[in-house]
file input15.cif (mmCIF, C-alpha atoms, pLDDT in the B column; chains and numbers go by the auth columns)
data_entry
#
loop_
_atom_site.group_PDB
_atom_site.id
_atom_site.type_symbol
_atom_site.label_atom_id
_atom_site.label_comp_id
_atom_site.label_asym_id
_atom_site.label_seq_id
_atom_site.Cartn_x
_atom_site.Cartn_y
_atom_site.Cartn_z
_atom_site.B_iso_or_equiv
_atom_site.auth_seq_id
_atom_site.auth_asym_id
ATOM 1 C CA MET A 1 0.000 0.000 0.000 37.00 1 A
ATOM 2 C CA SER A 2 1.305 3.463 -0.887 46.00 2 A
ATOM 3 C CA PHE A 3 2.171 6.053 1.729 46.00 3 A
ATOM 4 C CA PHE A 4 -0.918 8.092 0.870 48.00 4 A
ATOM 5 C CA GLY A 5 -3.056 4.990 0.662 43.00 5 A
ATOM 6 C CA LYS A 6 -2.337 4.562 4.362 42.00 6 A
ATOM 7 C CA PHE A 7 -2.611 8.243 5.205 45.00 7 A
ATOM 8 C CA ILE A 8 -5.616 9.457 3.249 46.00 8 A
ATOM 9 C CA GLY A 9 -8.046 8.746 6.082 38.00 9 A
ATOM 10 C CA GLY A 10 -5.765 9.897 8.857 38.00 10 A
ATOM 11 C CA THR A 11 -3.768 12.955 9.663 47.00 11 A
ATOM 12 C CA ILE A 12 -3.224 14.245 6.089 51.00 12 A
ATOM 13 C CA GLY A 13 -2.036 17.826 5.663 46.00 13 A
ATOM 14 C CA PHE A 14 -4.018 19.619 8.349 51.00 14 A
ATOM 15 C CA LEU A 15 -1.325 18.958 10.943 61.00 15 A
ATOM 16 C CA MET A 16 1.444 20.296 8.722 69.00 16 A
ATOM 17 C CA GLY A 17 0.743 23.996 9.157 79.00 17 A
ATOM 18 C CA GLY A 18 2.092 26.789 6.958 88.00 18 A
ATOM 19 C CA PRO A 19 1.394 27.180 3.239 90.00 19 A
ATOM 20 C CA LEU A 20 1.778 23.439 2.616 90.00 20 A
ATOM 21 C CA GLY A 21 -0.830 22.685 5.259 85.00 21 A
ATOM 22 C CA ALA A 22 -3.164 25.185 3.597 86.00 22 A
ATOM 23 C CA ILE A 23 -2.672 23.551 0.182 89.00 23 A
ATOM 24 C CA ALA A 24 -3.174 20.066 1.639 85.00 24 A
ATOM 25 C CA GLY A 25 -6.332 21.295 3.350 81.00 25 A
ATOM 26 C CA VAL A 26 -7.766 22.506 0.040 82.00 26 A
ATOM 27 C CA ALA A 27 -6.666 19.318 -1.716 81.00 27 A
ATOM 28 C CA PHE A 28 -8.277 16.903 0.710 77.00 28 A
ATOM 29 C CA ALA A 29 -11.165 18.733 2.326 71.00 29 A
ATOM 30 C CA HIS A 30 -13.730 16.990 0.133 54.00 30 A
ATOM 31 C CA VAL A 31 -12.095 13.580 0.606 54.00 31 A
ATOM 32 C CA LEU A 32 -12.090 13.974 4.369 55.00 32 A
ATOM 33 C CA GLN A 33 -15.695 15.161 4.417 53.00 33 A
ATOM 34 C CA GLN A 34 -16.829 12.226 2.312 49.00 34 A
ATOM 35 C CA SER A 35 -15.005 9.820 4.599 49.00 35 A
ATOM 36 C CA GLN A 36 -16.486 11.401 7.714 49.00 36 A
ATOM 37 C CA ASP A 37 -19.972 11.187 6.212 46.00 37 A
ATOM 38 C CA ALA A 38 -19.391 7.506 5.448 44.00 38 A
ATOM 39 C CA ASP A 39 -18.280 6.923 9.035 45.00 39 A
ATOM 40 C CA ARG A 40 -21.432 8.514 10.437 46.00 40 A
ATOM 41 C CA ILE A 41 -23.574 6.343 8.221 39.00 41 A
ATOM 42 C CA SER A 42 -21.706 3.091 8.728 39.00 42 A
ATOM 43 C CA GLY A 43 -20.528 3.616 12.296 44.00 43 A
ATOM 44 C CA SER A 44 -17.009 2.606 11.266 40.00 44 A
ATOM 45 C CA SER A 45 -13.846 3.758 13.037 39.00 45 A
ATOM 46 C CA TYR A 46 -12.014 4.869 9.889 35.00 46 A
ATOM 47 C CA PHE A 47 -11.337 8.295 11.360 37.00 47 A
ATOM 48 C CA ARG A 48 -10.485 7.104 14.853 40.00 48 A
ATOM 49 C CA ASN A 49 -6.851 8.235 14.434 42.00 49 A
ATOM 50 C CA TYR A 50 -7.556 11.515 12.665 40.00 50 A
ATOM 51 C CA ASN A 51 -6.032 13.600 15.444 44.00 51 A
ATOM 52 C CA ARG A 52 -2.967 11.401 15.826 49.00 52 A
ATOM 53 C CA ARG A 53 0.165 13.447 15.359 58.00 53 A
ATOM 54 C CA MET A 54 2.521 12.444 12.561 64.00 54 A
ATOM 55 C CA ASN A 55 5.845 11.039 13.629 73.00 55 A
ATOM 56 C CA THR A 56 9.049 12.605 12.262 75.00 56 A
ATOM 57 C CA THR A 57 9.331 10.291 9.261 75.00 57 A
ATOM 58 C CA GLU A 58 5.679 10.690 8.307 74.00 58 A
ATOM 59 C CA HIS A 59 5.958 14.471 8.593 77.00 59 A
ATOM 60 C CA SER A 60 9.016 14.512 6.316 81.00 60 A
ATOM 61 C CA HIS A 61 7.311 12.272 3.764 80.00 61 A
ATOM 62 C CA MET A 62 4.209 14.447 3.779 83.00 62 A
ATOM 63 C CA THR A 63 6.232 17.654 3.467 87.00 63 A
ATOM 64 C CA PHE A 64 8.235 16.317 0.535 88.00 64 A
ATOM 65 C CA PHE A 65 5.224 14.972 -1.350 87.00 65 A
ATOM 66 C CA VAL A 66 3.015 18.039 -0.865 90.00 66 A
ATOM 67 C CA GLY A 67 5.952 20.411 -1.328 93.00 67 A
ATOM 68 C CA ALA A 68 7.170 18.745 -4.517 92.00 68 A
ATOM 69 C CA PHE A 69 3.830 18.831 -6.321 93.00 69 A
ATOM 70 C CA SER A 70 3.045 22.323 -5.035 95.00 70 A
ATOM 71 C CA LEU A 71 6.339 23.645 -6.423 96.00 71 A
ATOM 72 C CA LEU A 72 5.789 21.779 -9.696 94.00 72 A
ATOM 73 C CA ALA A 73 2.384 23.437 -9.982 93.00 73 A
ATOM 74 C CA LYS A 74 3.910 26.866 -9.438 94.00 74 A
ATOM 75 C CA LEU A 75 6.630 26.066 -11.991 93.00 75 A
ATOM 76 C CA ALA A 76 4.079 24.979 -14.598 89.00 76 A
ATOM 77 C CA ASN A 77 2.132 28.198 -14.036 88.00 77 A
ATOM 78 C CA VAL A 78 5.092 30.558 -13.569 88.00 78 A
ATOM 79 C CA ASP A 79 4.288 32.406 -16.798 76.00 79 A
ATOM 80 C CA GLY A 80 0.641 32.782 -15.780 74.00 80 A
ATOM 81 C CA GLU A 81 -0.769 30.082 -18.032 73.00 81 A
ATOM 82 C CA LEU A 82 -0.875 26.305 -17.686 75.00 82 A
ATOM 83 C CA THR A 83 -0.719 24.773 -21.150 75.00 83 A
ATOM 84 C CA ARG A 84 -1.913 21.319 -22.138 77.00 84 A
ATOM 85 C CA ASN A 85 1.666 20.362 -22.875 77.00 85 A
ATOM 86 C CA GLU A 86 2.772 21.391 -19.381 77.00 86 A
ATOM 87 C CA GLU A 87 -0.071 19.443 -17.793 78.00 87 A
ATOM 88 C CA ALA A 88 0.793 16.403 -19.918 81.00 88 A
ATOM 89 C CA THR A 89 4.428 16.702 -18.796 80.00 89 A
ATOM 90 C CA ILE A 90 3.391 16.547 -15.131 82.00 90 A
ATOM 91 C CA ARG A 91 1.219 13.501 -15.776 82.00 91 A
ATOM 92 C CA ARG A 92 4.050 11.741 -17.612 82.00 92 A
ATOM 93 C CA PHE A 93 6.381 12.550 -14.734 82.00 93 A
ATOM 94 C CA MET A 94 3.958 10.969 -12.272 82.00 94 A
ATOM 95 C CA ILE A 95 3.368 7.851 -14.340 81.00 95 A
ATOM 96 C CA GLU A 96 6.686 7.238 -16.115 79.00 96 A
ATOM 97 C CA GLU A 97 9.247 8.783 -13.769 77.00 97 A
ATOM 98 C CA LEU A 98 7.651 8.204 -10.362 79.00 98 A
ATOM 99 C CA ARG A 99 5.461 5.225 -11.333 80.00 99 A
ATOM 100 C CA LEU A 100 2.817 6.342 -8.887 81.00 100 A
ATOM 101 C CA ASP A 101 0.005 3.945 -8.108 80.00 101 A
ATOM 102 C CA PRO A 102 -3.579 5.188 -8.723 81.00 102 A
ATOM 103 C CA THR A 103 -4.019 6.438 -5.139 77.00 103 A
ATOM 104 C CA SER A 104 -0.812 8.446 -5.236 80.00 104 A
ATOM 105 C CA GLN A 105 -1.577 9.775 -8.728 83.00 105 A
ATOM 106 C CA TYR A 106 -4.940 11.019 -7.512 83.00 106 A
ATOM 107 C CA THR A 107 -3.307 12.541 -4.439 81.00 107 A
ATOM 108 C CA ALA A 108 -0.608 14.270 -6.486 86.00 108 A
ATOM 109 C CA LEU A 109 -3.152 15.772 -8.882 88.00 109 A
ATOM 110 C CA ARG A 110 -5.276 17.058 -5.990 87.00 110 A
ATOM 111 C CA ILE A 111 -2.200 18.768 -4.514 89.00 111 A
ATOM 112 C CA PHE A 112 -1.180 20.118 -7.930 91.00 112 A
ATOM 113 C CA ASP A 113 -4.644 21.568 -8.582 90.00 113 A
ATOM 114 C CA ALA A 114 -4.901 22.983 -5.060 90.00 114 A
ATOM 115 C CA ALA A 115 -1.540 24.737 -5.402 93.00 115 A
ATOM 116 C CA LEU A 116 -2.691 26.249 -8.701 89.00 116 A
ATOM 117 C CA SER A 117 -5.943 27.492 -7.188 88.00 117 A
ATOM 118 C CA THR A 118 -4.487 29.045 -4.025 86.00 118 A
ATOM 119 C CA ASP A 119 -2.543 32.277 -3.710 86.00 119 A
ATOM 120 C CA GLN A 120 0.277 30.667 -1.740 88.00 120 A
ATOM 121 C CA ASP A 121 3.569 32.109 -2.982 92.00 121 A
ATOM 122 C CA TYR A 122 6.156 29.637 -4.245 95.00 122 A
ATOM 123 C CA GLY A 123 8.769 31.371 -2.114 96.00 123 A
ATOM 124 C CA ASP A 124 6.777 30.661 1.048 96.00 124 A
ATOM 125 C CA ILE A 125 6.329 27.040 -0.036 96.00 125 A
ATOM 126 C CA ALA A 126 10.064 26.729 -0.669 97.00 126 A
ATOM 127 C CA ARG A 127 10.893 28.262 2.710 97.00 127 A
ATOM 128 C CA GLN A 128 8.711 25.733 4.532 95.00 128 A
ATOM 129 C CA PHE A 129 10.307 22.942 2.494 95.00 129 A
ATOM 130 C CA TYR A 130 13.741 24.281 3.431 96.00 130 A
ATOM 131 C CA ARG A 131 12.912 24.400 7.135 94.00 131 A
ATOM 132 C CA GLU A 132 11.980 20.713 7.019 91.00 132 A
ATOM 133 C CA PHE A 133 15.066 19.585 5.086 92.00 133 A
ATOM 134 C CA ARG A 134 17.727 22.217 5.846 92.00 134 A
ATOM 135 C CA ASN A 135 19.918 19.564 7.482 91.00 135 A
ATOM 136 C CA ARG A 136 19.443 17.152 4.572 87.00 136 A
ATOM 137 C CA PRO A 137 21.121 18.831 1.562 87.00 137 A
ATOM 138 C CA GLN A 138 20.680 15.752 -0.633 85.00 138 A
ATOM 139 C CA ILE A 139 16.902 16.141 -0.371 88.00 139 A
ATOM 140 C CA LEU A 140 17.103 19.849 -1.228 93.00 140 A
ATOM 141 C CA GLU A 141 19.301 19.116 -4.246 89.00 141 A
ATOM 142 C CA LEU A 142 16.934 16.375 -5.387 88.00 142 A
ATOM 143 C CA MET A 143 14.054 18.881 -5.343 92.00 143 A
ATOM 144 C CA ILE A 144 15.985 21.314 -7.555 94.00 144 A
ATOM 145 C CA ASP A 145 16.902 18.387 -9.788 88.00 145 A
ATOM 146 C CA ILE A 146 13.231 17.423 -10.140 89.00 146 A
ATOM 147 C CA LEU A 147 12.256 20.986 -11.081 92.00 147 A
ATOM 148 C CA PHE A 148 14.863 21.044 -13.852 90.00 148 A
ATOM 149 C CA ARG A 149 13.889 17.560 -15.020 85.00 149 A
ATOM 150 C CA VAL A 150 10.249 18.562 -15.442 85.00 150 A
ATOM 151 C CA ALA A 151 11.115 21.956 -16.971 86.00 151 A
ATOM 152 C CA ILE A 152 13.251 20.486 -19.761 82.00 152 A
ATOM 153 C CA ALA A 153 10.655 17.791 -20.475 77.00 153 A
ATOM 154 C CA ASP A 154 8.401 20.593 -21.702 70.00 154 A
ATOM 155 C CA GLY A 155 10.926 21.611 -24.339 73.00 155 A
ATOM 156 C CA GLY A 156 13.587 23.463 -22.379 76.00 156 A
ATOM 157 C CA VAL A 157 13.997 25.793 -19.431 83.00 157 A
ATOM 158 C CA ASN A 158 12.572 29.195 -20.333 85.00 158 A
ATOM 159 C CA LYS A 159 13.557 32.462 -18.660 87.00 159 A
ATOM 160 C CA ALA A 160 10.675 32.490 -16.156 89.00 160 A
ATOM 161 C CA GLU A 161 11.278 28.866 -15.156 90.00 161 A
ATOM 162 C CA GLY A 162 15.011 29.413 -14.798 90.00 162 A
ATOM 163 C CA SER A 163 14.452 32.483 -12.623 93.00 163 A
ATOM 164 C CA MET A 164 12.031 30.612 -10.362 95.00 164 A
ATOM 165 C CA ILE A 165 14.336 27.613 -9.934 95.00 165 A
ATOM 166 C CA LEU A 166 17.248 29.928 -9.166 95.00 166 A
ATOM 167 C CA ASN A 167 15.191 31.758 -6.537 96.00 167 A
ATOM 168 C CA ILE A 168 14.215 28.453 -4.919 97.00 168 A
ATOM 169 C CA ALA A 169 17.876 27.376 -4.912 96.00 169 A
ATOM 170 C CA ARG A 170 18.755 30.611 -3.120 97.00 170 A
ATOM 171 C CA ILE A 171 16.000 29.993 -0.558 97.00 171 A
ATOM 172 C CA PHE A 172 17.580 26.552 -0.080 97.00 172 A
ATOM 173 C CA ASN A 173 20.802 28.437 0.711 96.00 173 A
ATOM 174 C CA PHE A 174 22.637 27.102 -2.347 95.00 174 A
ATOM 175 C CA GLN A 175 25.694 28.956 -3.579 91.00 175 A
ATOM 176 C CA GLN A 176 25.655 30.085 -7.212 88.00 176 A
ATOM 177 C CA TYR A 177 28.175 27.429 -8.239 84.00 177 A
ATOM 178 C CA GLN A 178 25.983 24.708 -6.698 85.00 178 A
ATOM 179 C CA TYR A 179 22.991 25.881 -8.698 89.00 179 A
ATOM 180 C CA ASP A 180 25.090 26.160 -11.869 84.00 180 A
ATOM 181 C CA ARG A 181 26.327 22.590 -11.533 81.00 181 A
ATOM 182 C CA ILE A 182 22.792 21.228 -11.223 85.00 182 A
ATOM 183 C CA LYS A 183 21.678 23.329 -14.193 85.00 183 A
ATOM 184 C CA GLU A 184 24.597 22.103 -16.286 79.00 184 A
ATOM 185 C CA ARG A 185 23.298 18.551 -15.977 77.00 185 A
ATOM 186 C CA TYR A 186 20.271 19.530 -18.050 79.00 186 A
ATOM 187 C CA VAL A 187 21.466 22.382 -20.259 73.00 187 A
ATOM 188 C CA ALA A 188 23.530 21.034 -23.146 62.00 188 A
ATOM 189 C CA ASN A 189 27.233 21.625 -22.716 60.00 189 A
ATOM 190 C CA THR A 190 30.464 19.663 -22.949 56.00 190 A
ATOM 191 C CA ASN A 191 30.897 19.519 -19.162 74.00 191 A
ATOM 192 C CA LYS A 192 27.734 17.584 -18.307 77.00 192 A
ATOM 193 C CA TYR A 193 29.509 14.571 -16.812 83.00 193 A
ATOM 194 C CA TYR A 194 31.790 16.726 -14.710 85.00 194 A
ATOM 195 C CA ALA A 195 28.794 18.744 -13.508 79.00 195 A
ATOM 196 C CA ILE A 196 27.076 15.558 -12.348 81.00 196 A
ATOM 197 C CA LEU A 197 30.138 14.759 -10.239 83.00 197 A
ATOM 198 C CA ASN A 198 30.373 18.354 -8.960 81.00 198 A
ATOM 199 C CA CYS A 199 33.740 18.699 -10.687 82.00 199 A
ATOM 200 C CA ARG A 200 35.411 20.674 -13.480 81.00 200 A
ATOM 201 C CA PRO A 201 37.394 19.358 -16.463 84.00 201 A
ATOM 202 C CA GLU A 202 40.541 20.923 -15.030 86.00 202 A
ATOM 203 C CA ASP A 203 40.297 18.897 -11.787 88.00 203 A
ATOM 204 C CA ASN A 204 42.849 16.121 -11.367 90.00 204 A
ATOM 205 C CA ASP A 205 41.980 12.431 -11.265 89.00 205 A
ATOM 206 C CA GLU A 206 42.203 12.181 -7.480 90.00 206 A
ATOM 207 C CA THR A 207 39.770 15.075 -7.002 90.00 207 A
ATOM 208 C CA ILE A 208 37.277 13.412 -9.325 90.00 208 A
ATOM 209 C CA LYS A 209 37.592 10.058 -7.550 90.00 209 A
ATOM 210 C CA LYS A 210 37.139 11.695 -4.157 90.00 210 A
ATOM 211 C CA SER A 211 34.026 13.582 -5.303 88.00 211 A
ATOM 212 C CA TYR A 212 32.590 10.415 -6.850 89.00 212 A
ATOM 213 C CA ARG A 213 33.049 8.415 -3.630 89.00 213 A
ATOM 214 C CA LYS A 214 31.419 11.192 -1.610 87.00 214 A
ATOM 215 C CA LEU A 215 28.430 11.384 -3.967 85.00 215 A
ATOM 216 C CA VAL A 216 27.963 7.613 -3.916 84.00 216 A
ATOM 217 C CA ARG A 217 27.845 7.644 -0.106 82.00 217 A
ATOM 218 C CA GLU A 218 25.430 10.559 0.059 78.00 218 A
ATOM 219 C CA ASN A 219 23.123 9.650 -2.819 77.00 219 A
ATOM 220 C CA HIS A 220 22.669 5.922 -2.479 80.00 220 A
ATOM 221 C CA PRO A 221 18.870 5.383 -2.621 73.00 221 A
ATOM 222 C CA ASP A 222 18.893 3.695 0.788 76.00 222 A
ATOM 223 C CA ALA A 223 20.694 6.677 2.333 73.00 223 A
ATOM 224 C CA ILE A 224 18.283 9.135 0.713 69.00 224 A
ATOM 225 C CA ALA A 225 15.272 7.122 1.894 66.00 225 A
ATOM 226 C CA ALA A 226 16.594 7.211 5.441 64.00 226 A
ATOM 227 C CA LYS A 227 16.723 10.996 5.242 63.00 227 A
ATOM 228 C CA GLY A 228 12.990 11.412 4.644 63.00 228 A
ATOM 229 C CA LEU A 229 12.254 10.682 0.979 67.00 229 A
ATOM 230 C CA PRO A 230 8.821 9.094 0.355 66.00 230 A
ATOM 231 C CA ASP A 231 8.731 5.728 -1.389 69.00 231 A
ATOM 232 C CA GLU A 232 7.024 7.357 -4.386 64.00 232 A
ATOM 233 C CA PHE A 233 10.214 9.299 -5.191 68.00 233 A
ATOM 234 C CA GLN A 234 12.659 6.419 -4.811 71.00 234 A
ATOM 235 C CA LYS A 235 12.891 5.903 -8.580 71.00 235 A
ATOM 236 C CA VAL A 236 14.049 9.507 -9.034 73.00 236 A
ATOM 237 C CA ALA A 237 16.732 8.959 -6.392 75.00 237 A
ATOM 238 C CA ALA A 238 17.783 5.715 -8.103 79.00 238 A
ATOM 239 C CA ASP A 239 17.985 7.473 -11.491 78.00 239 A
ATOM 240 C CA LYS A 240 20.200 10.167 -10.000 78.00 240 A
ATOM 241 C CA PHE A 241 22.449 7.530 -8.434 83.00 241 A
ATOM 242 C CA ARG A 242 22.735 5.855 -11.840 84.00 242 A
ATOM 243 C CA GLN A 243 23.638 9.219 -13.412 82.00 243 A
ATOM 244 C CA ILE A 244 26.522 9.564 -10.959 87.00 244 A
ATOM 245 C CA GLN A 245 27.821 6.098 -11.788 89.00 245 A
ATOM 246 C CA ASP A 246 27.463 6.628 -15.558 88.00 246 A
ATOM 247 C CA ALA A 247 29.216 10.009 -15.395 87.00 247 A
ATOM 248 C CA TYR A 248 32.137 8.563 -13.458 90.00 248 A
ATOM 249 C CA GLU A 249 32.461 5.653 -15.869 90.00 249 A
ATOM 250 C CA HIS A 250 32.452 8.053 -18.852 86.00 250 A
ATOM 251 C CA ILE A 251 35.180 10.243 -17.325 89.00 251 A
ATOM 252 C CA ARG A 252 37.187 7.241 -16.155 87.00 252 A
ATOM 253 C CA LYS A 253 37.294 5.779 -19.661 86.00 253 A
ATOM 254 C CA GLU A 254 37.986 9.180 -21.195 86.00 254 A
ATOM 255 C CA ARG A 255 40.947 9.776 -18.904 85.00 255 A
ATOM 256 C CA GLY A 256 42.118 6.186 -18.746 83.00 256 A
ATOM 257 C CA PHE A 257 42.348 5.738 -14.987 85.00 257 A
#
call {"tool": "encode", "arguments": {"input": "input15.cif", "output": "structure tokens"}}
result
Amino acid sequence: MSFFGKFIGGTIGFLMGGPLGAIAGVAFAHVLQQSQDADRISGSSYFRNYNRRMNTTEHSHMTFFVGAFSLLAKLANVDGELTRNEEATIRRFMIEELRLDPTSQYTALRIFDAALSTDQDYGDIARQFYREFRNRPQILELMIDILFRVAIADGGVNKAEGSMILNIARIFNFQQYQYDRIKERYVANTNKYYAILNCRPEDNDETIKKSYRKLVRENHPDAIAAKGLPDEFQKVAADKFRQIQDAYEHIRKERGF
């Protein structure tokens, strides 16, 4: 059962607070009301644990899931208009990249639509996301990575999208060079493989090996999961880990070490 399959009748976003709690409240108000009505009719105890507080892991999972699809909604609408192509890109991301089950797809779309319909500022959403994950830089970098991945899937990163992603990176307390290295992974250039390894072509072999070993330790899917990444996003983490390995192998063969 998916994370949201277990959570939909429980504590959902109302206990999150902040702009993400407000978006979750809009997204699930009708679901919660329908479930409560069913309980009154059937006398079931489905909502018995509604006021149970989320534990730390559950709170992190909820924040990432709601935050990710809220920021993706703001990215898709950053120029003031959500096109069919942009909407199709989000759906493909959910199905092909994340491989969400039907419950999680429905949940993601409710969050996406709620974020579009509310006046919550993407900066406020990003700041709440940062507060949750400020001590987990791999999670913050993965979020920026996801934003770029979805932006280029729509045909390339336009000026408005690039500006928004840069602003979010700054809210995440990234230095300019950190942002540039993530961007270089998706914007065509000859240094893509070095950017993936957080290196430059002029770095020596030992520097590249050291950076590779550090990235492998920090970005192994099991390590990322332990830091608060929901199961639904594990494929993205695994793809990034594969990118690191492929980049290192390309550079290793190129340099002959």
call {"tool": "atom_distance", "arguments": {"input": "input15.cif", "atom1": "CA of Arg200 in chain A", "atom2": "CA of Arg149 in chain A"}}
result
21.8 Å
call {"tool": "resolve_selection", "arguments": {"input": "input15.cif", "expression": "the PyMOL selection byres ((chain A and resi 83-86) around 12)", "output": "PyMOL selection string"}}
result
chain A and resi 72-82+87-93+150-156
call {"tool": "closest_atom_pairs", "arguments": {"input": "input15.cif", "of": "range 95-153 of chain A", "to": "range 172-178 of chain A", "cutoff": "9 Å", "atoms": "only C-alpha atoms", "output": "tab-separated table"}}
result
residue	atom	partner	partner_atom	distance
A:Ala126	CA	A:Phe172	CA	7.5
A:Arg127	CA	A:Phe172	CA	7.4
A:Phe129	CA	A:Phe172	CA	8.5
A:Tyr130	CA	A:Phe172	CA	5.7
A:Arg131	CA	A:Phe172	CA	8.9
A:Arg134	CA	A:Phe172	CA	7.3
A:Pro137	CA	A:Phe172	CA	8.7
A:Leu140	CA	A:Phe172	CA	6.8
A:Glu141	CA	A:Phe172	CA	8.7
call {"tool": "residues_around", "arguments": {"input": "input15.cif", "residues": "Lys183 in chain A", "least_positions_apart": "2", "cutoff": "9 Å", "atoms": "only C-alpha atoms", "output": "mmCIF file with C-alpha atoms, in the coordinates of the input"}}
result
data_model
loop_
_atom_site.group_PDB
_atom_site.id
_atom_site.type_symbol
_atom_site.label_atom_id
_atom_site.label_comp_id
_atom_site.auth_asym_id
_atom_site.auth_seq_id
_atom_site.Cartn_x
_atom_site.Cartn_y
_atom_site.Cartn_z
ATOM 1 C CA ILE A 144 15.985 21.314 -7.555
ATOM 2 C CA ASP A 145 16.902 18.387 -9.788
ATOM 3 C CA PHE A 148 14.863 21.044 -13.852
ATOM 4 C CA GLN A 178 25.983 24.708 -6.698
ATOM 5 C CA TYR A 179 22.991 25.881 -8.698
ATOM 6 C CA ASP A 180 25.090 26.160 -11.869
ATOM 7 C CA ARG A 181 26.327 22.590 -11.533
ATOM 8 C CA ARG A 185 23.298 18.551 -15.977
ATOM 9 C CA TYR A 186 20.271 19.530 -18.050
ATOM 10 C CA VAL A 187 21.466 22.382 -20.259
ATOM 11 C CA ALA A 195 28.794 18.744 -13.508
#
call {"tool": "resolve_selection", "arguments": {"input": "input15.cif", "expression": "the PyMOL selection byres ((chain A and resi 63) around 9)", "output": "list in words"}}
result
Gly13, Met16, Leu20, Gly21, Glu58, His59, Ser60, His61, Met62, Phe64, Phe65, Val66, Gly67, Ala68, Gln128, Phe129 and Glu132 of chain A
call {"tool": "atom_distance", "arguments": {"input": "input15.cif", "atom1": "CA of Tyr212 in chain A", "atom2": "CA of His250 in chain A"}}
result
12.2 Å
call {"tool": "atom_distance", "arguments": {"input": "input15.cif", "atom1": "CA of Asp121 in chain A", "atom2": "CA of Ile165 in chain A"}}
result
13.6 Å
call {"tool": "residues_around", "arguments": {"input": "input15.cif", "residues": "Ala108 in chain A", "least_positions_apart": "4", "cutoff": "7 Å", "atoms": "only C-alpha atoms", "output": "VMD selection string"}}
result
chain A and resid 69 104 112
call {"tool": "decode", "arguments": {"input": "input15.cif", "residues": "range 143-156 of chain A", "atoms": "N, CA and C atoms", "output": "JSON list (two decimals), in the first residue's frame"}}
result
[["chain", "number", "residue", "atom", "x", "y", "z"],
["A", 143, "MET", "N", 15.21, 18.06, -4.98],
["A", 143, "MET", "CA", 14.05, 18.88, -5.34],
["A", 143, "MET", "C", 14.40, 19.81, -6.50],
["A", 144, "ILE", "N", 15.56, 20.46, -6.45],
["A", 144, "ILE", "CA", 15.99, 21.31, -7.56],
["A", 144, "ILE", "C", 16.17, 20.48, -8.82],
["A", 145, "ASP", "N", 16.71, 19.30, -8.66],
["A", 145, "ASP", "CA", 16.90, 18.39, -9.79],
["A", 145, "ASP", "C", 15.57, 18.04, -10.44],
["A", 146, "ILE", "N", 14.56, 17.76, -9.62],
["A", 146, "ILE", "CA", 13.23, 17.42, -10.14],
["A", 146, "ILE", "C", 12.63, 18.59, -10.91],
["A", 147, "LEU", "N", 12.79, 19.80, -10.39],
["A", 147, "LEU", "CA", 12.26, 20.99, -11.08],
["A", 147, "LEU", "C", 12.89, 21.15, -12.46],
["A", 148, "PHE", "N", 14.20, 20.97, -12.55],
["A", 148, "PHE", "CA", 14.86, 21.04, -13.85],
["A", 148, "PHE", "C", 14.40, 19.92, -14.77],
["A", 149, "ARG", "N", 14.28, 18.72, -14.22],
["A", 149, "ARG", "CA", 13.89, 17.56, -15.02],
["A", 149, "ARG", "C", 12.53, 17.78, -15.67],
["A", 150, "VAL", "N", 11.59, 18.31, -14.91],
["A", 150, "VAL", "CA", 10.25, 18.56, -15.44],
["A", 150, "VAL", "C", 10.27, 19.74, -16.40],
["A", 151, "ALA", "N", 11.06, 20.77, -16.11],
["A", 151, "ALA", "CA", 11.11, 21.96, -16.97],
["A", 151, "ALA", "C", 11.64, 21.61, -18.36],
["A", 152, "ILE", "N", 12.69, 20.81, -18.44],
["A", 152, "ILE", "CA", 13.25, 20.49, -19.76],
["A", 152, "ILE", "C", 12.36, 19.52, -20.53],
["A", 153, "ALA", "N", 11.55, 18.74, -19.81],
["A", 153, "ALA", "CA", 10.66, 17.79, -20.48],
["A", 153, "ALA", "C", 9.60, 18.52, -21.30],
["A", 154, "ASP", "N", 9.39, 19.79, -20.98],
["A", 154, "ASP", "CA", 8.40, 20.59, -21.70],
["A", 154, "ASP", "C", 9.04, 21.33, -22.88],
["A", 155, "GLY", "N", 10.29, 21.00, -23.18],
["A", 155, "GLY", "CA", 10.93, 21.61, -24.34],
["A", 155, "GLY", "C", 12.09, 22.53, -24.00],
["A", 156, "GLY", "N", 12.46, 22.61, -22.75],
["A", 156, "GLY", "CA", 13.59, 23.46, -22.38],
["A", 156, "GLY", "C", 13.21, 24.40, -21.25]]
